[in-house]
$ cat entry-v9.csv   # CSV, C-alpha atoms
chain,number,residue,atom,x,y,z
R,1,MET,CA,77.8,53.1,127.8
R,2,SER,CA,77.4,54.2,131.5
R,3,ARG,CA,74.5,53.5,133.7
R,4,ALA,CA,73.5,57.1,133.3
R,5,SER,CA,72.8,56.5,129.6
R,6,SER,CA,69.9,54.8,127.9
R,7,ALA,CA,70.2,52.3,125.1
R,8,ALA,CA,69.4,55.1,122.7
R,9,GLY,CA,72.2,57.3,124.1
R,10,ARG,CA,70.1,59.7,126.1
R,11,THR,CA,71.8,60.8,129.3
R,12,LEU,CA,69.6,60.8,132.3
R,13,ASP,CA,70.0,63.6,134.7
R,14,SER,CA,68.8,63.8,138.4
R,15,PHE,CA,65.4,65.1,137.3
R,16,ASP,CA,64.9,62.2,134.9
R,17,ARG,CA,65.9,59.7,137.6
R,18,ALA,CA,63.6,61.2,140.1
R,19,ILE,CA,60.7,61.1,137.7
R,20,LEU,CA,61.5,57.5,136.8
R,21,ARG,CA,61.5,56.5,140.5
R,22,ILE,CA,58.0,58.0,140.9
R,23,ILE,CA,56.4,56.5,137.8
R,24,GLN,CA,57.9,53.1,138.4
R,25,ARG,CA,55.8,52.9,141.6
R,26,ASP,CA,52.6,54.3,139.9
R,27,ASN,CA,52.7,55.4,136.2
R,28,LYS,CA,49.3,57.0,136.8
R,29,THR,CA,50.7,59.6,139.2
R,30,PRO,CA,49.5,63.0,137.9
R,31,GLN,CA,52.2,65.0,136.2
R,32,ARG,CA,51.3,67.9,138.5
R,33,SER,CA,52.2,65.7,141.6
R,34,ILE,CA,55.4,64.5,139.9
R,35,ALA,CA,56.3,68.1,139.1
R,36,GLU,CA,55.8,69.1,142.8
R,37,ALA,CA,57.9,66.2,144.0
R,38,VAL,CA,60.8,66.9,141.7
R,39,ASN,CA,60.6,70.7,141.7
R,40,LEU,CA,59.8,71.1,137.9
R,41,SER,CA,56.8,72.5,136.1
R,42,ALA,CA,54.2,70.0,134.9
R,43,ALA,CA,55.0,70.9,131.3
R,44,ALA,CA,58.7,70.1,131.9
R,45,VAL,CA,57.8,66.7,133.4
R,46,GLN,CA,55.5,66.0,130.4
R,47,ARG,CA,58.4,66.8,128.0
R,48,ARG,CA,60.9,64.7,129.9
R,49,ILE,CA,58.5,61.7,130.1
R,50,ALA,CA,57.8,62.0,126.3
R,51,ALA,CA,61.5,62.2,125.6
R,52,MET,CA,62.3,59.2,127.8
R,53,GLU,CA,59.5,57.2,125.9
R,54,ALA,CA,60.9,58.3,122.5
R,55,ALA,CA,64.4,57.3,123.6
R,56,GLY,CA,63.3,53.9,124.8
R,57,VAL,CA,64.2,54.6,128.4
R,58,ILE,CA,60.5,53.9,129.2
R,59,GLU,CA,59.8,50.9,127.1
R,60,ARG,CA,56.0,50.8,127.8
R,61,ASN,CA,53.3,51.4,130.4
R,62,VAL,CA,51.6,48.2,131.7
R,63,ALA,CA,49.2,47.1,134.3
R,64,ILE,CA,50.2,44.3,136.7
R,65,VAL,CA,47.2,42.0,136.9
R,66,ASP,CA,46.6,39.6,139.8
R,67,THR,CA,46.7,36.2,138.2
R,68,LYS,CA,44.1,34.7,140.6
R,69,THR,CA,41.5,37.2,139.6
R,70,VAL,CA,41.7,36.3,135.9
R,71,GLN,CA,41.7,32.5,136.7
R,72,MET,CA,45.4,31.9,136.0
R,73,ALA,CA,46.0,29.6,138.9
R,74,ILE,CA,49.3,28.1,137.7
R,75,THR,CA,52.6,30.1,137.4
R,76,ALA,CA,55.6,28.1,136.3
R,77,ILE,CA,59.2,29.0,136.1
R,78,VAL,CA,60.7,26.9,133.3
R,79,GLU,CA,64.3,26.1,132.5
R,80,VAL,CA,64.8,25.3,128.9
R,81,ARG,CA,67.9,23.7,127.4
R,82,LEU,CA,68.3,23.8,123.6
R,83,THR,CA,70.0,21.1,121.6
R,84,ASP,CA,72.6,23.7,120.5
R,85,GLU,CA,73.2,27.4,120.8
R,86,ARG,CA,73.6,28.1,117.0
R,87,LEU,CA,72.2,31.5,116.0
R,88,HIS,CA,69.3,29.9,114.0
R,89,THR,CA,68.2,27.7,116.8
R,90,VAL,CA,68.3,30.5,119.4
R,91,ASP,CA,66.5,32.9,117.1
R,92,MET,CA,63.7,30.4,116.4
R,93,ALA,CA,63.3,29.7,120.1
R,94,LYS,CA,63.2,33.4,120.9
R,95,SER,CA,60.5,33.9,118.3
R,96,LEU,CA,58.4,31.0,119.5
R,97,PHE,CA,58.6,32.0,123.1
R,98,ARG,CA,58.0,35.7,122.3
R,99,ASP,CA,54.8,34.8,120.3
R,100,ALA,CA,53.4,32.4,123.0
R,101,PRO,CA,50.7,34.3,125.0
R,102,GLU,CA,51.2,32.0,128.0
R,103,VAL,CA,54.9,33.1,128.3
R,104,GLN,CA,54.9,36.2,130.5
R,105,GLN,CA,58.6,36.6,130.7
R,106,CYS,CA,61.5,35.1,128.7
R,107,TYR,CA,65.2,35.4,129.3
R,108,TYR,CA,68.0,34.0,127.2
R,109,VAL,CA,70.6,33.1,129.8
R,110,THR,CA,74.1,31.6,130.4
R,111,GLY,CA,75.1,28.9,132.8
R,112,GLY,CA,74.1,25.7,131.0
R,113,ILE,CA,70.5,26.6,130.6
R,114,SER,CA,69.4,28.3,127.4
R,115,PHE,CA,66.2,30.1,128.5
R,116,MET,CA,64.3,30.9,131.7
R,117,LEU,CA,60.6,31.5,131.2
R,118,VAL,CA,57.7,32.5,133.4
R,119,ILE,CA,54.4,30.9,132.1
R,120,VAL,CA,50.9,31.3,133.4
R,121,SER,CA,48.0,28.9,132.8
R,122,PRO,CA,44.5,28.5,134.1
R,123,ASP,CA,45.1,24.9,135.2
R,124,MET,CA,47.5,21.9,134.9
R,125,ALA,CA,45.8,20.6,131.8
R,126,ALA,CA,46.4,23.9,130.0
R,127,TYR,CA,49.9,24.0,131.3
R,128,GLU,CA,50.6,20.5,130.0
R,129,ALA,CA,49.3,21.5,126.6
R,130,THR,CA,51.6,24.5,126.6
R,131,THR,CA,54.6,22.4,127.5
R,132,ARG,CA,53.8,19.9,124.8
R,133,ARG,CA,53.5,22.6,122.2
R,134,LEU,CA,56.5,24.7,123.2
R,135,PHE,CA,59.0,22.0,124.4
R,136,ALA,CA,58.1,18.4,124.1
R,137,GLN,CA,57.2,18.6,120.4
R,138,ASN,CA,60.0,21.0,119.6
R,139,GLU,CA,63.1,19.3,118.2
R,140,ALA,CA,65.3,22.3,119.2
R,141,VAL,CA,64.5,21.7,122.9
R,142,ALA,CA,66.8,19.1,124.5
R,143,SER,CA,65.1,19.3,127.9
R,144,PHE,CA,63.0,21.5,130.1
R,145,ARG,CA,62.3,21.6,133.9
R,146,SER,CA,59.2,23.2,135.4
R,147,LEU,CA,59.1,24.8,138.8
R,148,ILE,CA,55.5,25.5,139.9
R,149,ALA,CA,55.2,28.7,142.1
R,150,LEU,CA,53.5,28.2,145.4
R,151,ASP,CA,53.1,31.9,146.1
R,152,ARG,CA,53.6,35.1,144.2
R,153,VAL,CA,55.7,37.0,146.7
R,154,LYS,CA,57.0,39.9,144.6
R,155,VAL,CA,56.1,41.0,141.1
R,156,GLY,CA,56.7,44.1,139.0
R,157,ALA,CA,59.5,45.3,141.1
R,158,GLU,CA,61.0,48.7,140.5
R,159,ILE,CA,64.5,49.0,139.1
R,160,VAL,CA,66.7,50.8,141.7
R,161,ILE,CA,67.7,54.1,140.0
R,162,PRO,CA,70.7,55.7,141.7

$ encode --input "entry-v9.csv" --output "structure tokens"
Amino acid sequence: MSRASSAAGRTLDSFDRAILRIIQRDNKTPQRSIAEAVNLSAAAVQRRIAAMEAAGVIERNVAIVDTKTVQMAITAIVEVRLTDERLHTVDMAKSLFRDAPEVQQCYYVTGGISFMLVIVSPDMAAYEATTRRLFAQNEAVASFRSLIALDRVKVGAEIVIP
């Protein structure tokens, strides 16, 4: 499937791409403003956005929250190595990490590490409890390594849409 196609098979045209560039920066941009910027009617923009949501091009609309303002002082990037890469082991880990509210992002990766996770916690004691629950007490986890973020330099970046 080409880059111009979504996972659901919907082909994105230049109007769709222009709309996506705008709503990635601010999904609360009024449809009237988007319409003016891309030279379509507001109704056409609304239909296109609805179609992209239905096709899965737009997965969801979220708010990016400043972790400091909600007392989440610790952000950790965690490398997790599983004991094996069998389907059952990987699927169980995916399910565990997906269901853990502390895990903000989770990637199943190649290169000797099984998963990369981004975890937020209010303090080190809470982070330690999370690592015990998700990794240390998990027989499927061979090892894990935590990298504690010193500064949140960039978050919620836009995907470059050609």

$ residues_around --input "entry-v9.csv" --residues "region 132-149 of chain R" --least-positions-apart "2" --cutoff "9 Å" --atoms "only C-alpha atoms" --output "PDB file with C-alpha atoms, keeping the file's coordinate frame"
ATOM      1  CA  ILE R  74      49.300  28.100 137.700  1.00  0.00           C
ATOM      2  CA  THR R  75      52.600  30.100 137.400  1.00  0.00           C
ATOM      3  CA  ALA R  76      55.600  28.100 136.300  1.00  0.00           C
ATOM      4  CA  ILE R  77      59.200  29.000 136.100  1.00  0.00           C
ATOM      5  CA  VAL R  78      60.700  26.900 133.300  1.00  0.00           C
ATOM      6  CA  GLU R  79      64.300  26.100 132.500  1.00  0.00           C
ATOM      7  CA  VAL R  80      64.800  25.300 128.900  1.00  0.00           C
ATOM      8  CA  ARG R  81      67.900  23.700 127.400  1.00  0.00           C
ATOM      9  CA  LEU R  82      68.300  23.800 123.600  1.00  0.00           C
ATOM     10  CA  THR R  83      70.000  21.100 121.600  1.00  0.00           C
ATOM     11  CA  ASP R  84      72.600  23.700 120.500  1.00  0.00           C
ATOM     12  CA  THR R  89      68.200  27.700 116.800  1.00  0.00           C
ATOM     13  CA  VAL R  90      68.300  30.500 119.400  1.00  0.00           C
ATOM     14  CA  MET R  92      63.700  30.400 116.400  1.00  0.00           C
ATOM     15  CA  ALA R  93      63.300  29.700 120.100  1.00  0.00           C
ATOM     16  CA  LEU R  96      58.400  31.000 119.500  1.00  0.00           C
ATOM     17  CA  PHE R  97      58.600  32.000 123.100  1.00  0.00           C
ATOM     18  CA  ALA R 100      53.400  32.400 123.000  1.00  0.00           C
ATOM     19  CA  TYR R 127      49.900  24.000 131.300  1.00  0.00           C
ATOM     20  CA  GLU R 128      50.600  20.500 130.000  1.00  0.00           C
ATOM     21  CA  ALA R 129      49.300  21.500 126.600  1.00  0.00           C
ATOM     22  CA  THR R 130      51.600  24.500 126.600  1.00  0.00           C
ATOM     23  CA  ASP R 151      53.100  31.900 146.100  1.00  0.00           C
ATOM     24  CA  ARG R 152      53.600  35.100 144.200  1.00  0.00           C
TER      25      ARG R 152
END

$ atom_distance --input "entry-v9.csv" --atom1 "CA of Glu158 (chain R)" --atom2 "CA of Leu12 (chain R)"
17.0 Å

$ closest_residue --input "entry-v9.csv" --among "R:Leu20, R:Ala37, R:Leu87, R:Ala125" --to "Ala73 (chain R)" --atoms "all atoms listed in the file"
R:Ala125

$ closest_residue --input "entry-v9.csv" --among "R:Ile58, R:Met52, R:Val120, R:Ile23" --to "Val70 (chain R)" --atoms "only C-alpha atoms"
R:Val120

$ atom_distance --input "entry-v9.csv" --atom1 "CA of Ala63 (chain R)" --atom2 "CA of Gln105 (chain R)"
14.5 Å

$ residues_around --input "entry-v9.csv" --residues "Ser14 (chain R)" --least-positions-apart "3" --cutoff "12 Å" --atoms "only C-alpha atoms" --output "ChimeraX atom specification"
/R:4,11,17-21,38-40,48,161-162

$ closest_residue --input "entry-v9.csv" --among "R:Ile34, R:Gly112, R:Asp123, R:Ala54" --to "Lys68 (chain R)" --atoms "all atoms listed in the file"
R:Asp123

$ closest_residue --input "entry-v9.csv" --among "R:Ala126, R:Phe15, R:Gln24, R:Val155" --to "Asp66 (chain R)" --atoms "all atoms listed in the file"
R:Val155

$ atom_distance --input "entry-v9.csv" --atom1 "CA of Arg25 (chain R)" --atom2 "CA of Ala51 (chain R)"
19.4 Å

$ residues_around --input "entry-v9.csv" --residues "Tyr107 (chain R)" --least-positions-apart "5" --cutoff "8 Å" --atoms "all atoms listed in the file" --output "JSON, numbers by chain"
{"R": [115, 116, 117]}

$ decode --input "entry-v9.csv" --residues "region 135-158 of chain R" --atoms "C-alpha atoms" --output "tab-separated table (two decimals), in the first residue's frame"
chain	number	residue	atom	x	y	z
R	135	PHE	CA	8.77	-6.16	34.83
R	136	ALA	CA	10.43	-7.53	37.97
R	137	GLN	CA	7.54	-9.83	38.89
R	138	ASN	CA	6.88	-10.80	35.27
R	139	GLU	CA	8.52	-14.11	34.30
R	140	ALA	CA	8.25	-13.21	30.61
R	141	VAL	CA	10.60	-10.23	31.11
R	142	ALA	CA	14.27	-11.16	30.91
R	143	SER	CA	15.49	-7.64	31.65
R	144	PHE	CA	14.56	-3.99	31.52
R	145	ARG	CA	16.46	-0.71	31.55
R	146	SER	CA	15.05	2.65	32.60
R	147	LEU	CA	16.13	5.98	31.18
R	148	ILE	CA	14.74	8.88	33.22
R	149	ALA	CA	13.94	11.97	31.15
R	150	LEU	CA	15.55	15.19	32.36
R	151	ASP	CA	13.48	17.46	30.12
R	152	ARG	CA	10.47	17.07	27.84
R	153	VAL	CA	11.91	18.70	24.73
R	154	LYS	CA	9.28	17.67	22.16
R	155	VAL	CA	5.97	15.86	22.47
R	156	GLY	CA	2.98	15.22	20.25
R	157	ALA	CA	4.85	15.98	17.06
R	158	GLU	CA	3.02	16.16	13.77
